[in-house]
>>> print(open('model19.csv').read())   # CSV, C-alpha atoms
chain,number,residue,atom,x,y,z
A,1,LEU,CA,48.4,53.3,104.8
A,2,PRO,CA,46.8,54.9,107.8
A,3,HIS,CA,44.8,52.5,109.9
A,4,SER,CA,41.8,54.9,109.8
A,5,ALA,CA,41.6,54.5,106.1
A,6,ALA,CA,41.7,50.7,106.3
A,7,GLU,CA,39.0,50.7,109.1
A,8,SER,CA,36.5,53.0,107.4
A,9,PRO,CA,34.7,51.2,104.6
A,10,GLY,CA,33.5,53.4,101.8
A,11,ARG,CA,35.6,56.5,103.0
A,12,PRO,CA,37.8,58.1,100.3
A,13,LEU,CA,41.5,57.6,101.0
A,14,GLY,CA,43.1,60.7,102.5
A,15,GLY,CA,40.0,62.7,101.6
A,16,ILE,CA,41.2,63.3,98.1
A,17,GLY,CA,38.7,61.3,96.1
A,18,GLY,CA,40.8,58.2,95.6
A,19,PRO,CA,39.6,54.6,95.6
A,20,SER,CA,37.7,53.4,98.6
A,21,SER,CA,39.4,51.4,101.4
A,22,SER,CA,37.7,48.3,100.1
A,23,SER,CA,40.2,48.3,97.2
A,24,VAL,CA,43.3,48.9,99.3
A,25,GLY,CA,46.1,46.8,97.9
A,26,GLY,CA,44.0,45.8,94.9
A,27,PRO,CA,44.5,46.5,91.2
A,28,SER,CA,42.4,49.7,91.3
A,29,MET,CA,44.6,51.1,94.1
A,30,VAL,CA,47.7,50.5,92.1
A,31,ALA,CA,46.2,52.0,89.0
A,32,TRP,CA,45.1,55.1,90.9
A,33,LEU,CA,48.6,55.6,92.5
A,34,ALA,CA,50.2,55.2,89.1
A,35,ALA,CA,47.8,57.8,87.6
A,36,VAL,CA,48.6,60.3,90.4
A,37,ALA,CA,52.3,59.8,89.9
A,38,VAL,CA,52.1,60.1,86.1
A,39,GLY,CA,50.0,63.3,86.5
A,40,ARG,CA,52.5,64.9,88.8
A,41,CYS,CA,55.4,63.9,86.6
A,42,SER,CA,53.6,65.3,83.6
A,43,ALA,CA,53.1,68.6,85.3
A,44,VAL,CA,56.8,68.8,86.2
A,45,VAL,CA,57.8,67.8,82.6
A,46,SER,CA,55.5,70.5,81.2
A,47,ALA,CA,57.1,73.1,83.4
A,48,CYS,CA,60.6,72.1,82.4
A,49,VAL,CA,59.6,72.2,78.7
A,50,LEU,CA,58.3,75.7,79.1
A,51,LEU,CA,61.4,76.8,80.9
A,52,LEU,CA,63.7,75.3,78.2
A,53,ARG,CA,61.7,77.0,75.5
A,54,ALA,CA,62.0,80.4,77.2
A,55,LEU,CA,65.8,79.9,77.6
A,56,GLN,CA,66.1,78.8,74.0
A,57,ALA,CA,64.2,81.9,72.8
A,58,ARG,CA,66.4,84.1,74.9
A,59,TRP,CA,69.6,82.4,73.6
A,60,ARG,CA,68.4,82.8,70.0
A,61,GLY,CA,67.7,86.5,70.6
A,62,ALA,CA,71.2,87.0,72.0
A,63,VAL,CA,72.8,85.2,69.1
A,64,ASP,CA,70.8,87.1,66.6
A,65,GLY,CA,71.8,90.4,68.4
A,66,GLN,CA,75.5,89.4,68.1
A,67,GLY,CA,75.0,88.5,64.5
A,68,ASP,CA,73.4,91.8,63.7
A,69,ALA,CA,76.2,93.7,65.5
A,70,ALA,CA,78.8,91.6,63.7
A,71,ALA,CA,77.1,92.3,60.4
A,72,ALA,CA,77.1,96.0,61.1
A,73,GLY,CA,80.8,95.8,62.0
A,74,LYS,CA,80.2,96.6,65.7
A,75,ARG,CA,81.0,94.8,68.8
A,76,PRO,CA,77.9,93.8,70.9
A,77,PRO,CA,77.3,96.1,73.8
A,78,ARG,CA,78.3,94.8,77.2
A,79,GLU,CA,78.0,96.1,80.7
A,80,GLU,CA,81.1,98.0,81.8
A,81,GLU,CA,82.5,97.1,85.2
A,82,ALA,CA,83.5,99.9,87.6
A,83,PRO,CA,87.2,100.2,88.0
A,84,PRO,CA,88.5,99.0,91.3
A,85,ASN,CA,88.9,101.7,94.0
A,86,LEU,CA,92.2,102.4,95.7
A,87,PHE,CA,91.4,100.2,98.7
A,88,GLU,CA,90.9,97.2,96.4
A,89,ARG,CA,94.0,98.0,94.3
A,90,LEU,CA,96.1,98.0,97.5
A,91,GLY,CA,94.8,94.5,98.2
A,92,ARG,CA,92.1,95.4,100.8
A,93,PRO,CA,94.7,95.7,103.6
A,94,MET,CA,93.4,95.0,107.2
A,95,HIS,CA,96.7,95.5,109.0
A,96,VAL,CA,98.0,99.0,108.5
A,97,VAL,CA,101.0,100.9,110.0
A,98,ALA,CA,99.8,104.4,110.6
A,99,PRO,CA,102.0,107.5,110.2
A,100,MET,CA,103.9,108.1,113.4
A,101,VAL,CA,106.5,110.9,113.8
A,102,ASP,CA,109.9,109.6,114.7
A,103,GLN,CA,108.6,106.0,114.6
A,104,SER,CA,107.4,104.7,111.2
A,105,GLU,CA,110.7,105.1,109.3
A,106,LEU,CA,111.9,102.5,106.9
A,107,PRO,CA,113.5,100.0,109.4
A,108,PHE,CA,110.3,100.0,111.5
A,109,ARG,CA,108.1,99.6,108.4
A,110,LEU,CA,110.1,96.6,107.2
A,111,LEU,CA,110.0,95.0,110.6
A,112,ALA,CA,106.2,95.6,110.8
A,113,ARG,CA,105.8,94.0,107.3
A,114,ARG,CA,107.6,90.9,108.5
A,115,TYR,CA,105.0,90.5,111.2
A,116,GLY,CA,102.0,91.0,109.0
A,117,ALA,CA,101.6,94.7,108.1
A,118,GLN,CA,99.9,94.9,104.7
A,119,LEU,CA,100.2,98.7,104.1
A,120,CYS,CA,102.5,101.3,105.7
A,121,TYR,CA,102.6,105.1,105.9
A,122,THR,CA,105.7,107.2,106.3
A,123,PRO,CA,105.9,109.6,109.2
A,124,MET,CA,104.3,113.0,108.6
A,125,VAL,CA,106.6,114.9,106.2
A,126,ASN,CA,106.8,118.7,106.2
A,127,ALA,CA,106.4,119.6,102.5
A,128,ASN,CA,108.2,122.9,102.7
A,129,GLN,CA,111.2,121.4,104.4
A,130,PHE,CA,111.2,118.4,102.1
A,131,ASN,CA,111.5,120.7,99.1
A,132,ASN,CA,114.3,122.8,100.5
A,133,SER,CA,116.5,120.2,102.2
A,134,SER,CA,118.2,117.3,100.4
A,135,VAL,CA,119.4,116.0,103.7
A,136,TYR,CA,115.8,115.8,105.0
A,137,ARG,CA,114.7,114.1,101.7
A,138,GLU,CA,117.4,111.5,102.3
A,139,GLU,CA,116.2,110.9,105.8
A,140,VAL,CA,112.6,110.5,104.8
A,141,LEU,CA,112.7,108.5,101.6
A,142,ALA,CA,116.1,108.1,100.0
A,143,GLU,CA,115.2,105.6,97.3
A,144,ALA,CA,112.6,103.1,96.2
A,145,ASN,CA,112.5,99.9,98.1
A,146,ALA,CA,110.6,97.0,96.6
A,147,ALA,CA,110.2,95.4,100.1
A,148,ASP,CA,108.5,98.6,101.3
A,149,ARG,CA,105.3,98.4,99.3
A,150,PRO,CA,102.5,99.2,99.2
A,151,LEU,CA,103.5,102.6,100.8
A,152,VAL,CA,101.7,105.9,101.4
A,153,VAL,CA,103.8,109.0,101.9
A,154,GLN,CA,102.1,111.6,104.1
A,155,PHE,CA,102.7,115.3,103.7
A,156,ALA,CA,101.7,118.3,105.8
A,157,GLY,CA,101.4,121.8,104.5
A,158,HIS,CA,98.9,124.5,103.4
A,159,ASP,CA,100.1,125.6,100.0
A,160,ALA,CA,98.9,123.5,97.0
A,161,GLU,CA,102.0,124.1,94.8
A,162,THR,CA,104.4,123.4,97.6
A,163,LEU,CA,102.7,120.1,98.4
A,164,LEU,CA,102.6,119.2,94.7
A,165,ARG,CA,106.3,119.9,94.3
A,166,ALA,CA,107.1,117.7,97.3
A,167,ALA,CA,104.8,114.9,96.2
A,168,ARG,CA,106.4,114.8,92.8
A,169,HIS,CA,109.7,113.9,94.4
A,170,VAL,CA,108.2,110.6,95.7
A,171,GLU,CA,105.3,109.7,93.4
A,172,HIS,CA,107.5,107.1,91.6
A,173,MET,CA,108.4,105.5,94.9
A,174,CYS,CA,104.9,105.1,96.5
A,175,ASP,CA,101.4,104.0,95.9
A,176,ALA,CA,99.6,107.1,97.2
A,177,VAL,CA,100.2,110.5,98.7
A,178,ASP,CA,98.3,111.4,101.9
A,179,LEU,CA,97.4,114.9,103.2
A,180,ASN,CA,97.7,115.3,106.9
A,181,LEU,CA,94.6,116.9,108.3
A,182,GLY,CA,94.7,115.3,111.7
A,183,CYS,CA,97.8,116.6,113.6
A,184,PRO,CA,96.6,118.4,116.8
A,185,GLN,CA,100.0,119.6,118.1
A,186,GLY,CA,101.0,123.2,118.6
A,187,ILE,CA,103.6,123.1,115.9
A,188,ALA,CA,100.8,122.2,113.4
A,189,ARG,CA,98.8,125.3,114.6
A,190,ARG,CA,101.9,127.5,114.1
A,191,GLY,CA,102.7,125.9,110.7
A,192,ARG,CA,99.0,126.1,109.5
A,193,TYR,CA,98.6,122.4,108.7
A,194,GLY,CA,97.2,119.2,110.3
A,195,ALA,CA,93.8,119.3,112.1
A,196,PHE,CA,93.9,123.2,112.1
A,197,LEU,CA,93.7,123.3,108.3
A,198,LEU,CA,90.3,121.7,108.5
A,199,GLU,CA,88.9,125.1,109.5
A,200,GLU,CA,89.9,126.3,106.0
A,201,GLU,CA,87.6,124.0,104.1
A,202,ASP,CA,87.8,125.7,100.7
A,203,LEU,CA,91.6,125.7,100.8
A,204,VAL,CA,91.7,122.0,101.7
A,205,VAL,CA,89.4,121.1,98.8
A,206,ASP,CA,91.6,123.1,96.5
A,207,ILE,CA,94.8,121.3,97.6
A,208,VAL,CA,93.2,117.9,97.1
A,209,ARG,CA,91.9,118.9,93.7
A,210,THR,CA,95.3,120.2,92.6
A,211,LEU,CA,97.2,117.1,93.8
A,212,SER,CA,94.7,114.6,92.4
A,213,SER,CA,94.7,116.2,89.0
A,214,LYS,CA,98.5,116.6,88.6
A,215,LEU,CA,100.0,113.5,90.3
A,216,GLN,CA,100.4,110.1,88.8
A,217,VAL,CA,99.4,108.4,92.1
A,218,PRO,CA,96.1,108.7,94.1
A,219,VAL,CA,95.6,111.3,96.8
A,220,THR,CA,94.3,110.4,100.2
A,221,CYS,CA,93.4,112.3,103.4
A,222,LYS,CA,93.6,111.7,107.1
A,223,ILE,CA,91.1,113.9,109.0
A,224,ARG,CA,89.5,114.4,112.4
A,225,LEU,CA,85.9,115.1,113.1
A,226,PHE,CA,84.7,118.6,113.7
A,227,ARG,CA,83.9,118.9,117.4
A,228,ASP,CA,80.1,118.3,118.0
A,229,ASP,CA,79.4,118.7,114.3
A,230,LEU,CA,79.1,115.4,112.4
A,231,ASP,CA,77.1,116.9,109.6
A,232,ARG,CA,79.8,119.4,108.8
A,233,THR,CA,82.4,116.6,108.8
A,234,LEU,CA,80.3,114.6,106.3
A,235,ARG,CA,79.8,117.6,104.0
A,236,LEU,CA,83.6,118.1,103.9
A,237,CYS,CA,84.2,114.4,103.3
A,238,HIS,CA,81.8,114.5,100.3
A,239,ARG,CA,83.6,117.6,99.0
A,240,LEU,CA,87.0,116.0,99.3
A,241,GLN,CA,85.8,112.9,97.5
A,242,GLU,CA,84.4,115.1,94.7
A,243,ALA,CA,87.8,116.9,94.5
A,244,GLY,CA,89.5,113.6,93.9
A,245,CYS,CA,90.4,112.1,97.3
A,246,ALA,CA,90.7,108.3,96.7
A,247,LEU,CA,90.6,107.2,100.4
A,248,LEU,CA,89.6,108.9,103.6
A,249,THR,CA,90.9,108.0,107.0
A,250,GLY,CA,89.3,109.1,110.2
A,251,HIS,CA,91.6,109.7,113.2
A,252,GLY,CA,90.7,107.2,115.9
A,253,ARG,CA,91.1,109.7,118.8
A,254,THR,CA,88.8,112.4,117.7
>>> encode(input="model19.csv", output="structure tokens")
Amino acid sequence: LPHSAAESPGRPLGGIGGPSSSSVGGPSMVAWLAAVAVGRCSAVVSACVLLLRALQARWRGAVDGQGDAAAAGKRPPREEEAPPNLFERLGRPMHVVAPMVDQSELPFRLLARRYGAQLCYTPMVNANQFNNSSVYREEVLAEANAADRPLVVQFAGHDAETLLRAARHVEHMCDAVDLNLGCPQGIARRGRYGAFLLEEEDLVVDIVRTLSSKLQVPVTCKIRLFRDDLDRTLRLCHRLQEAGCALLTGHGRT
């Protein structure tokens, strides 16, 4: 006990109306401490009892609800979980081999996977050439390779039906098809694809909608930012998502 309590005759202990210091260590002090302890324990017990009663009532209500549903021949309602998005289905990859022309072919992808790559893209594939040349198709993706998954095949083009036809050649061999909206080279300007196609927003949205509704695999897009116009970029991103784009990639050098 504090010395001040023992040295102040007649002063309540701790200022809480307990026995005076003259009874410190005596029977009345022991009885008072016991009473305080019992009082506090009783309060805790009472709170626990109320909590248990509330839980019991809730449990009974749930059981009764299930019983009523069973009696009516219905399954009890339950919250539906949102289906996992493409990023989650791919295993939430952190190390990704980007599409690189004349670089990210099969041997390079397999080597990259050996050193930790969790997702790989093919090089950009010209959809029109892919449809018209069996030799080109052999070079790009000859056959399915179990060691080369998950895999995204990236196409470039400006005609929805041409892109759809090309994607159908590979949809059984990949996990997604990507639309290239990021290539800045002169050949992309002449071919009307890549970053230059972003200026034709309605066409891009129509392409994504066509592919996403008719392919068995998800459709993704790789884009660049509109120069000095972030709001326009975001508006297009929302439109692409509404059209069925399952994953958007922003080019890092925009």
>>> atom_distance(input="model19.csv", atom1="atom CA of A:Met124", atom2="atom CA of A:Arg232")
25.3 Å
>>> closest_residue(input="model19.csv", among="A:Asp102, A:Asp175, A:Asp159, A:Glu139", to="A:Leu90", atoms="all atoms listed in the file")
A:Asp175
>>> atom_distance(input="model19.csv", atom1="atom CA of A:Pro99", atom2="atom CA of A:Tyr121")
5.0 Å
>>> closest_residue(input="model19.csv", among="A:Leu230, A:Cys174, A:Met94, A:Cys183", to="A:Asp148", atoms="only C-alpha atoms")
A:Cys174
>>> atom_distance(input="model19.csv", atom1="atom CA of A:Glu88", atom2="atom CA of A:Leu203")
28.8 Å
>>> closest_residue(input="model19.csv", among="A:Gly252, A:Pro218, A:Pro107, A:Gly91", to="A:His172", atoms="only C-alpha atoms")
A:Pro218
